[in-house]
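Source file my_file07.cif; content: mmCIF, C-alpha atoms.
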```cif
data_structure
#
loop_
_atom_site.group_PDB
_atom_site.id
_atom_site.type_symbol
_atom_site.label_atom_id
_atom_site.label_comp_id
_atom_site.auth_asym_id
_atom_site.auth_seq_id
_atom_site.Cartn_x
_atom_site.Cartn_y
_atom_site.Cartn_z
ATOM 1 C CA MET A 27 0.000 0.000 0.000
ATOM 2 C CA ALA A 28 2.751 2.397 0.984
ATOM 3 C CA SER A 29 4.781 1.557 -2.101
ATOM 4 C CA ARG A 30 1.837 2.294 -4.421
ATOM 5 C CA PHE A 31 1.352 5.688 -2.710
ATOM 6 C CA ILE A 32 5.050 6.503 -3.147
ATOM 7 C CA GLU A 33 4.909 5.591 -6.829
ATOM 8 C CA ARG A 34 1.861 7.787 -7.383
ATOM 9 C CA LEU A 35 3.592 10.691 -5.574
ATOM 10 C CA ARG A 36 6.768 10.165 -7.572
ATOM 11 C CA GLY A 37 4.745 10.348 -10.755
ATOM 12 C CA LYS A 38 3.433 13.782 -9.740
ATOM 13 C CA ILE A 39 6.858 15.267 -8.937
ATOM 14 C CA PRO A 40 7.451 16.618 -12.495
ATOM 15 C CA PHE A 41 4.068 18.338 -12.337
ATOM 16 C CA VAL A 42 4.896 19.869 -8.933
ATOM 17 C CA HIS A 43 8.255 21.104 -10.214
ATOM 18 C CA ARG A 44 6.601 22.644 -13.262
ATOM 19 C CA LEU A 45 3.964 24.301 -11.068
ATOM 20 C CA HIS A 46 6.678 25.817 -8.876
ATOM 21 C CA ARG A 47 8.513 27.140 -11.937
ATOM 22 C CA GLU A 48 5.305 28.709 -13.239
ATOM 23 C CA ILE A 49 4.636 30.332 -9.853
ATOM 24 C CA ASP A 50 8.177 31.729 -9.736
ATOM 25 C CA ASP A 51 7.818 33.055 -13.279
ATOM 26 C CA LEU A 52 4.510 34.700 -12.381
ATOM 27 C CA ARG A 53 6.104 36.354 -9.354
ATOM 28 C CA ARG A 54 8.896 37.766 -11.498
ATOM 29 C CA ARG A 55 6.404 39.145 -14.015
ATOM 30 C CA LEU A 56 4.365 40.785 -11.265
ATOM 31 C CA ALA A 57 7.506 42.320 -9.782
ATOM 32 C CA VAL A 58 8.359 43.850 -13.153
ATOM 33 C CA ALA A 59 4.799 45.050 -13.729
ATOM 34 C CA GLU A 60 4.416 46.652 -10.285
ATOM 35 C CA PRO A 61 5.045 50.434 -10.444
ATOM 36 C CA GLN A 62 8.223 51.311 -8.577
ATOM 37 C CA PRO A 63 9.464 54.727 -7.467
ATOM 38 C CA SER A 64 12.100 56.028 -9.829
ATOM 39 C CA VAL A 65 15.227 58.019 -9.027
ATOM 40 C CA THR A 66 16.306 61.015 -11.092
ATOM 41 C CA GLY A 67 19.346 63.240 -10.828
ATOM 42 C CA THR A 68 19.243 67.014 -10.988
ATOM 43 C CA VAL A 69 19.083 68.411 -14.494
ATOM 44 C CA GLN A 70 22.047 70.785 -14.245
ATOM 45 C CA THR A 71 25.654 70.463 -13.196
ATOM 46 C CA GLU A 72 25.661 70.491 -9.419
ATOM 47 C CA PRO A 73 27.693 72.842 -7.243
ATOM 48 C CA ARG A 74 30.704 71.224 -5.624
ATOM 49 C CA HIS A 75 29.134 71.213 -2.174
ATOM 50 C CA ALA A 76 25.578 70.381 -3.293
ATOM 51 C CA GLY A 77 25.281 67.347 -1.048
ATOM 52 C CA GLN A 78 26.480 69.219 2.042
ATOM 53 C CA GLU A 79 24.105 72.127 1.366
ATOM 54 C CA PHE A 80 21.228 69.772 0.682
ATOM 55 C CA ARG A 81 21.748 68.004 4.015
ATOM 56 C CA ILE A 82 21.689 71.392 5.764
ATOM 57 C CA PHE A 83 18.460 72.141 3.910
ATOM 58 C CA LEU A 84 16.943 68.808 4.996
ATOM 59 C CA GLY A 85 18.079 69.486 8.554
ATOM 60 C CA LEU A 86 15.597 72.373 8.633
ATOM 61 C CA LEU A 87 12.903 69.757 8.063
ATOM 62 C CA GLN A 88 13.890 67.609 11.060
ATOM 63 C CA PRO A 89 10.583 66.161 12.314
ATOM 64 C CA HIS A 90 9.842 66.576 16.015
ATOM 65 C CA ASP A 91 7.560 64.919 18.533
ATOM 66 C CA VAL A 92 5.309 67.171 20.591
ATOM 67 C CA ARG A 93 5.215 66.393 24.291
ATOM 68 C CA GLY A 94 1.718 65.513 25.478
ATOM 69 C CA ARG A 95 0.167 65.535 22.004
ATOM 70 C CA ASN A 96 -0.571 62.909 19.370
ATOM 71 C CA LYS A 97 -0.804 63.251 15.625
ATOM 72 C CA ALA A 98 -3.841 62.426 13.497
ATOM 73 C CA ARG A 99 -4.560 61.955 9.827
ATOM 74 C CA VAL A 100 -6.772 64.702 8.400
ATOM 75 C CA GLY A 101 -8.519 64.211 5.067
ATOM 76 C CA ALA A 102 -8.329 61.447 2.483
ATOM 77 C CA GLU A 103 -6.605 58.093 2.863
ATOM 78 C CA ALA A 104 -4.539 59.044 -0.191
ATOM 79 C CA ASP A 105 -3.587 62.300 -1.920
ATOM 80 C CA GLY A 106 -5.186 65.266 -0.155
ATOM 81 C CA GLY A 107 -4.811 63.883 3.359
ATOM 82 C CA TYR A 108 -2.212 65.210 5.807
ATOM 83 C CA VAL A 109 -0.759 64.077 9.110
ATOM 84 C CA MET A 110 -1.191 66.904 11.610
ATOM 85 C CA LEU A 111 -1.031 67.537 15.319
ATOM 86 C CA ASP A 112 -4.285 66.691 17.085
ATOM 87 C CA ASP A 113 -4.599 70.244 18.356
ATOM 88 C CA PHE A 114 -7.703 71.866 16.891
ATOM 89 C CA ALA A 115 -9.653 72.963 19.970
ATOM 90 C CA PRO A 116 -8.710 76.680 19.901
ATOM 91 C CA VAL A 117 -9.086 77.018 16.108
ATOM 92 C CA ARG A 118 -12.030 78.775 14.431
ATOM 93 C CA HIS A 119 -10.750 79.426 10.901
ATOM 94 C CA ALA A 120 -8.862 77.378 8.324
ATOM 95 C CA LEU A 121 -7.099 78.438 5.123
ATOM 96 C CA SER A 122 -7.052 76.018 2.204
ATOM 97 C CA LEU A 123 -4.660 77.489 -0.340
ATOM 98 C CA GLY A 124 -4.867 75.423 -3.523
ATOM 99 C CA ILE A 125 -7.708 72.899 -3.796
ATOM 100 C CA SER A 126 -8.157 71.814 -7.440
ATOM 101 C CA THR A 127 -10.656 68.921 -7.218
ATOM 102 C CA GLN A 128 -9.612 67.647 -3.772
ATOM 103 C CA VAL A 129 -11.274 69.073 -0.660
ATOM 104 C CA SER A 130 -11.175 66.162 1.785
ATOM 105 C CA TRP A 131 -8.990 68.235 4.140
ATOM 106 C CA ASP A 132 -11.474 71.095 3.916
ATOM 107 C CA ILE A 133 -14.363 68.736 4.700
ATOM 108 C CA ALA A 134 -12.501 67.445 7.744
ATOM 109 C CA MET A 135 -11.928 71.007 8.970
ATOM 110 C CA ALA A 136 -15.570 71.943 8.423
ATOM 111 C CA ALA A 137 -16.640 68.815 10.315
ATOM 112 C CA ARG A 138 -14.789 70.272 13.308
ATOM 113 C CA GLY A 139 -16.843 73.455 12.965
ATOM 114 C CA LEU A 140 -14.139 75.566 11.321
ATOM 115 C CA ARG A 141 -14.930 78.117 8.639
ATOM 116 C CA VAL A 142 -12.737 77.265 5.646
ATOM 117 C CA PHE A 143 -11.450 79.981 3.291
ATOM 118 C CA GLN A 144 -10.489 78.401 -0.042
ATOM 119 C CA TYR A 145 -8.206 80.055 -2.608
ATOM 120 C CA ASP A 146 -7.534 78.597 -6.056
ATOM 121 C CA HIS A 147 -7.319 80.314 -9.453
ATOM 122 C CA THR A 148 -7.387 77.059 -11.452
ATOM 123 C CA VAL A 149 -11.024 76.095 -10.768
ATOM 124 C CA GLU A 150 -14.310 77.948 -11.159
ATOM 125 C CA ALA A 151 -15.617 76.953 -7.742
ATOM 126 C CA SER A 152 -15.101 74.505 -4.929
ATOM 127 C CA PRO A 153 -15.779 70.967 -6.201
ATOM 128 C CA GLN A 154 -17.937 70.371 -3.156
ATOM 129 C CA LEU A 155 -20.272 72.831 -1.498
ATOM 130 C CA HIS A 156 -20.471 73.310 2.248
ATOM 131 C CA GLU A 157 -22.042 76.006 4.338
ATOM 132 C CA LEU A 158 -18.691 76.658 6.037
ATOM 133 C CA PHE A 159 -16.724 76.995 2.764
ATOM 134 C CA VAL A 160 -15.853 80.450 1.426
ATOM 135 C CA PHE A 161 -14.318 80.085 -2.046
ATOM 136 C CA HIS A 162 -12.140 82.697 -3.781
ATOM 137 C CA ARG A 163 -11.022 82.191 -7.380
ATOM 138 C CA THR A 164 -7.726 83.878 -6.609
ATOM 139 C CA ARG A 165 -4.094 82.863 -6.915
ATOM 140 C CA VAL A 166 -1.920 82.999 -3.795
ATOM 141 C CA VAL A 167 1.433 84.620 -4.644
ATOM 142 C CA ALA A 168 4.398 86.290 -3.000
ATOM 143 C CA GLN A 169 3.592 89.674 -4.584
ATOM 144 C CA ALA A 170 0.122 90.472 -5.941
ATOM 145 C CA ARG A 171 0.113 92.219 -9.313
ATOM 146 C CA GLY A 172 -3.585 92.230 -10.090
ATOM 147 C CA PRO A 173 -7.093 91.648 -8.694
ATOM 148 C CA GLN A 174 -6.870 87.885 -9.284
ATOM 149 C CA GLU A 175 -3.825 87.544 -7.038
ATOM 150 C CA ILE A 176 -3.433 87.804 -3.280
ATOM 151 C CA THR A 177 -0.670 87.376 -0.705
ATOM 152 C CA LEU A 178 -0.821 85.337 2.470
ATOM 153 C CA ALA A 179 -0.365 88.568 4.428
ATOM 154 C CA ASP A 180 -3.454 90.075 2.768
ATOM 155 C CA ILE A 181 -5.485 86.951 3.478
ATOM 156 C CA VAL A 182 -4.575 86.989 7.158
ATOM 157 C CA ALA A 183 -5.314 90.734 7.310
ATOM 158 C CA SER A 184 -8.828 90.300 5.864
ATOM 159 C CA PRO A 185 -11.764 91.401 8.061
ATOM 160 C CA ALA A 186 -12.998 87.801 8.362
ATOM 161 C CA LEU A 187 -9.770 86.829 10.126
ATOM 162 C CA ASP A 188 -9.299 90.037 12.084
ATOM 163 C CA GLY A 189 -8.021 89.305 15.579
ATOM 164 C CA ASP A 190 -7.611 85.560 15.011
ATOM 165 C CA ALA A 191 -4.191 84.402 16.192
ATOM 166 C CA ASP A 192 -4.926 80.661 15.959
ATOM 167 C CA ILE A 193 -5.492 80.087 12.253
ATOM 168 C CA ILE A 194 -4.834 76.656 10.763
ATOM 169 C CA ALA A 195 -3.647 76.376 7.160
ATOM 170 C CA LYS A 196 -2.992 73.964 4.321
ATOM 171 C CA ILE A 197 -0.904 75.076 1.321
ATOM 172 C CA ASP A 198 -0.680 73.229 -2.006
ATOM 173 C CA ILE A 199 0.042 75.877 -4.631
ATOM 174 C CA GLU A 200 2.228 73.949 -7.073
ATOM 175 C CA GLY A 201 5.652 75.454 -6.470
ATOM 176 C CA ASP A 202 4.674 78.989 -5.455
ATOM 177 C CA GLU A 203 4.945 77.943 -1.799
ATOM 178 C CA TRP A 204 8.700 78.586 -1.683
ATOM 179 C CA GLU A 205 8.529 82.261 -2.615
ATOM 180 C CA VAL A 206 5.339 82.837 -0.603
ATOM 181 C CA LEU A 207 6.948 81.443 2.546
ATOM 182 C CA ALA A 208 10.222 83.239 1.869
ATOM 183 C CA THR A 209 8.546 86.653 1.683
ATOM 184 C CA THR A 210 5.791 86.392 4.309
ATOM 185 C CA GLY A 211 6.617 88.298 7.496
ATOM 186 C CA SER A 212 7.096 86.463 10.778
ATOM 187 C CA THR A 213 4.265 88.418 12.394
ATOM 188 C CA VAL A 214 1.898 86.993 9.772
ATOM 189 C CA LEU A 215 3.231 83.445 10.105
ATOM 190 C CA ALA A 216 2.987 83.689 13.899
ATOM 191 C CA ARG A 217 -0.799 83.981 13.594
ATOM 192 C CA ILE A 218 -0.948 80.499 12.073
ATOM 193 C CA ARG A 219 -1.113 77.858 14.775
ATOM 194 C CA GLN A 220 -0.466 74.893 12.496
ATOM 195 C CA ILE A 221 0.305 74.569 8.801
ATOM 196 C CA ALA A 222 0.495 71.604 6.396
ATOM 197 C CA ILE A 223 2.360 72.227 3.152
ATOM 198 C CA GLU A 224 2.920 70.350 -0.094
ATOM 199 C CA PHE A 225 6.430 71.234 -1.276
ATOM 200 C CA HIS A 226 7.505 70.769 -4.897
ATOM 201 C CA SER A 227 10.531 70.527 -7.202
ATOM 202 C CA THR A 228 13.423 69.617 -4.915
ATOM 203 C CA ARG A 229 15.205 68.354 -8.031
ATOM 204 C CA SER A 230 15.743 72.062 -8.820
ATOM 205 C CA PHE A 231 18.043 72.452 -5.801
ATOM 206 C CA SER A 232 21.078 72.819 -8.087
ATOM 207 C CA GLU A 233 19.601 76.027 -9.542
ATOM 208 C CA GLU A 234 20.997 78.919 -7.518
ATOM 209 C CA GLN A 235 17.886 81.102 -7.396
ATOM 210 C CA TRP A 236 15.630 78.173 -6.527
ATOM 211 C CA ARG A 237 18.027 77.129 -3.783
ATOM 212 C CA LYS A 238 18.119 80.648 -2.313
ATOM 213 C CA ASN A 239 14.313 80.842 -2.275
ATOM 214 C CA ALA A 240 13.986 77.398 -0.713
ATOM 215 C CA PHE A 241 16.503 78.147 2.053
ATOM 216 C CA ALA A 242 14.855 81.501 2.711
ATOM 217 C CA ALA A 243 11.426 79.850 2.884
ATOM 218 C CA LEU A 244 12.414 77.163 5.381
ATOM 219 C CA ARG A 245 14.525 79.479 7.529
ATOM 220 C CA ASN A 246 11.726 82.016 7.643
ATOM 221 C CA LEU A 247 9.109 79.404 8.502
ATOM 222 C CA THR A 248 11.195 77.565 11.085
ATOM 223 C CA SER A 249 11.925 80.796 12.928
ATOM 224 C CA THR A 250 8.322 80.664 14.174
ATOM 225 C CA HIS A 251 7.334 77.037 13.539
ATOM 226 C CA CYS A 252 8.745 73.560 14.122
ATOM 227 C CA CYS A 253 8.414 70.652 11.706
ATOM 228 C CA ILE A 254 6.573 67.652 13.198
ATOM 229 C CA HIS A 255 6.013 65.422 10.172
ATOM 230 C CA VAL A 256 7.336 64.743 6.659
ATOM 231 C CA HIS A 257 5.928 62.430 3.994
ATOM 232 C CA GLY A 258 7.119 61.844 0.435
ATOM 233 C CA ASN A 259 4.619 62.202 -2.407
ATOM 234 C CA ASN A 260 4.893 59.063 -4.530
ATOM 235 C CA TRP A 261 3.154 60.606 -7.562
ATOM 236 C CA ASP A 262 6.672 61.823 -8.380
ATOM 237 C CA SER A 263 10.112 60.251 -8.081
ATOM 238 C CA PHE A 264 13.106 60.539 -5.819
ATOM 239 C CA ALA A 265 15.575 63.243 -6.804
ATOM 240 C CA VAL A 266 19.283 62.816 -6.046
ATOM 241 C CA VAL A 267 21.094 65.985 -5.009
ATOM 242 C CA GLY A 268 24.797 65.695 -4.314
ATOM 243 C CA GLY A 269 24.359 61.961 -3.895
ATOM 244 C CA VAL A 270 21.477 62.402 -1.402
ATOM 245 C CA PRO A 271 18.120 60.879 -2.469
ATOM 246 C CA PHE A 272 14.938 62.667 -1.409
ATOM 247 C CA PRO A 273 11.393 62.892 -2.829
ATOM 248 C CA THR A 274 10.893 65.495 -5.551
ATOM 249 C CA ALA A 275 7.600 66.444 -3.874
ATOM 250 C CA PHE A 276 6.797 66.022 -0.193
ATOM 251 C CA GLU A 277 4.349 67.053 2.504
ATOM 252 C CA ALA A 278 5.442 68.632 5.779
ATOM 253 C CA THR A 279 3.505 69.807 8.821
ATOM 254 C CA PHE A 280 4.640 72.603 11.143
ATOM 255 C CA VAL A 281 3.347 73.802 14.520
ATOM 256 C CA ARG A 282 3.961 77.136 16.182
ATOM 257 C CA ARG A 283 6.964 76.897 18.487
ATOM 258 C CA SER A 284 5.459 79.064 21.218
ATOM 259 C CA ASP A 285 2.563 76.614 21.722
ATOM 260 C CA HIS A 286 4.450 73.384 22.367
ATOM 261 C CA GLU A 287 7.484 71.656 23.786
ATOM 262 C CA THR A 288 9.140 69.563 21.071
ATOM 263 C CA VAL A 289 11.978 67.046 20.794
ATOM 264 C CA PRO A 290 13.580 65.571 17.649
ATOM 265 C CA SER A 291 11.652 62.504 16.514
ATOM 266 C CA ALA A 292 13.187 59.030 16.314
ATOM 267 C CA LEU A 293 10.278 57.691 14.246
ATOM 268 C CA VAL A 294 10.748 55.889 10.960
ATOM 269 C CA PHE A 295 9.011 57.646 8.062
ATOM 270 C CA PRO A 296 6.502 56.896 6.619
ATOM 271 C CA THR A 297 4.630 56.180 9.842
ATOM 272 C CA ASP A 298 1.468 54.198 10.537
ATOM 273 C CA LEU A 299 -0.577 57.359 9.925
ATOM 274 C CA ASP A 300 0.827 57.884 6.429
ATOM 275 C CA ARG A 301 -0.766 56.622 3.227
ATOM 276 C CA PRO A 302 0.658 56.589 -0.321
ATOM 277 C CA CYS A 303 -0.597 59.622 -2.236
ATOM 278 C CA ASN A 304 -0.922 57.299 -5.214
ATOM 279 C CA PRO A 305 -2.433 54.123 -3.700
ATOM 280 C CA ARG A 306 -1.333 52.044 -6.701
ATOM 281 C CA LYS A 307 2.351 52.616 -5.945
ATOM 282 C CA PRO A 308 4.439 51.879 -2.833
ATOM 283 C CA ASP A 309 5.020 54.692 -0.381
ATOM 284 C CA LEU A 310 8.415 56.411 -0.382
ATOM 285 C CA TYR A 311 10.680 55.250 2.432
ATOM 286 C CA LEU A 312 12.571 57.997 4.272
ATOM 287 C CA GLY A 313 13.606 56.112 7.402
ATOM 288 C CA ARG A 314 14.898 57.966 10.433
ATOM 289 C CA TRP A 315 15.936 61.585 9.936
ATOM 290 C CA ASN A 316 19.699 61.152 9.778
ATOM 291 C CA TYR A 317 20.569 64.024 7.446
#
```

What would the structure in this file look like if it were written as structure tokens?
Amino acid sequence: MASRFIERLRGKIPFVHRLHREIDDLRRRLAVAEPQPSVTGTVQTEPRHAGQEFRIFLGLLQPHDVRGRNKARVGAEADGGYVMLDDFAPVRHALSLGISTQVSWDIAMAARGLRVFQYDHTVEASPQLHELFVFHRTRVVAQARGPQEITLADIVASPALDGDADIIAKIDIEGDEWEVLATTGSTVLARIRQIAIEFHSTRSFSEEQWRKNAFAALRNLTSTHCCIHVHGNNWDSFAVVGGVPFPTAFEATFVRRSDHETVPSALVFPTDLDRPCNPRKPDLYLGRWNY
């Protein structure tokens, strides 16, 4: 009886081997077909000390933990959602600068009872109506040159926000964020309690003017605010600057220094709260902040 069973099993061995080969081949094909994050170098010849300067730049983005406070995901489980400090109790107004067709963050703010002021010159109106939304078809810029443009300082100085020193903000203005943050006065920034920002085009770091604007933006912002979270946007690739890989686009959240006690974070990024902006691609691994 046992010998007949062994013979039958032996007869199936070629089939089992073939099945294993087919499974291995299928795995290889799936691995090739799965979208992977790409890595691109900067487009111009880099300065000699590009890597050293870039690490200094990334040091300004050192994420911190806030003593006594947790973080929470606000908005969509993909692009449009941000990891922020769970610190919304004193806030009455929110600024959503750049919305396009994605207002999940705005909806989350309105659900907390905040009045949300939306600014975007690329759409006719907010893609979703809400009684707490106030939409402006206006572009947010560093220096307004016409009626369809406005500065962050002018927004904060508007009568609707008069006297409010605990504004919360989200900025996604497709590259204009660097110059806007570089030129906005610290007294204006200090009225924003917490701010989530989508940053763009780090592959341009080798360009001198871009680099100056970016350094000015982060130094200006971090004089009043502290970074608490960073997440790479996987709709774009990694850029390599001076041998240092970093996402071309990324999200970062900042809280006002005067409100909290912070310590450098030892977390590995992305964290459990993060989600890939493009859910069909793997998230971008940043690890611990060792720049």

_Need to verify the contact set: A:Arg93, 10 Å, all atoms listed in the file, exclusion of same-chain residues closer than 4 positions in sequence. Can you return it as a list in words?_
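Everything that qualifies: His286, Glu287, Thr288 and Val289 of chain A.
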
*Result set of the PyMOL selection byres ((chain A and resi 237) around 12) on the coordinates above, as a PyMOL selection string*: chain A and resi 72-73+76+79-80+82-83+204-205+208+227-236+238-244+267

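With distances taken over all atoms listed in the file, A:Gln88 is the one residue among A:Thr177, A:Gln88, A:Asn304, A:Asn96 lying closest to A:Ser291.
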
*Which one is closest to A:Lys97: A:His255, A:Lys307, A:Arg118, A:Arg245? Count all atoms listed in the file.*
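Using all atoms listed in the file, A:Lys97 sits closest to A:His255.
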
*Point out the residue among A:Arg219, A:His257, A:Arg165, A:Arg138 with the least atom-to-atom distance to A:Ala275, counting only C-alpha atoms.*
A:His257

Please expand the PyMOL selection byres ((chain A and resi 139) around 9) into the concrete residues it hits in this file, giving the result as a tab-separated table (two decimals) with C-alpha atoms, in the frame of the given file.
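Contents of selection35.tsv, freshly written:
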```tsv
chain	number	residue	atom	x	y	z
A	118	ARG	CA	-12.03	78.78	14.43
A	119	HIS	CA	-10.75	79.43	10.90
A	135	MET	CA	-11.93	71.01	8.97
A	136	ALA	CA	-15.57	71.94	8.42
A	137	ALA	CA	-16.64	68.82	10.32
A	138	ARG	CA	-14.79	70.27	13.31
A	140	LEU	CA	-14.14	75.57	11.32
A	141	ARG	CA	-14.93	78.12	8.64
A	158	LEU	CA	-18.69	76.66	6.04
```

*May I have the residues at most 10 Å from (-5.8, 64.3, 1.6) in the file's coordinates, counting all atoms listed in the file, as a PyMOL selection string?*
chain A and resi 99-109+128-132+134+301+303

*Quick one: everything within 10 Å of A:Leu247, counting all atoms listed in the file, minus sequence neighbours fewer than 2 positions away in the same chain. Send it as a list in words.*
Leu86, Leu207, Ala208, Thr209, Thr210, Gly211, Ser212, Leu215, Ala216, Phe241, Ala242, Ala243, Leu244, Arg245, Ser249, Thr250, His251, Cys252, Cys253, Phe280 and Arg282 of chain A

_Since I can't run it myself right now, could you work out what the PyMOL selection byres ((chain A and resi 174) around 10) selects here and report it as a VMD selection string?_
chain A and resid 146 to 147 162 to 166 170 to 173 175 to 176

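Atom pair atom CA of A:Asp300 / atom CA of A:His90: separated by 15.8 Å.
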
*Looking at only C-alpha atoms, which of A:Val149, A:Leu312, A:Ala115, A:Leu121 is the one that sits closest to A:Ala222?*
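Of the candidates, the smallest distance to A:Ala222 is held by A:Leu121.
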
*Compare A:Gln154, A:Ser122, A:Thr248, A:Thr213 by their minimum atom-to-atom distance to A:Leu87, counting only C-alpha atoms, and give me the closest one.*
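Answer, going by the shortest atom-to-atom distance: A:Thr248.
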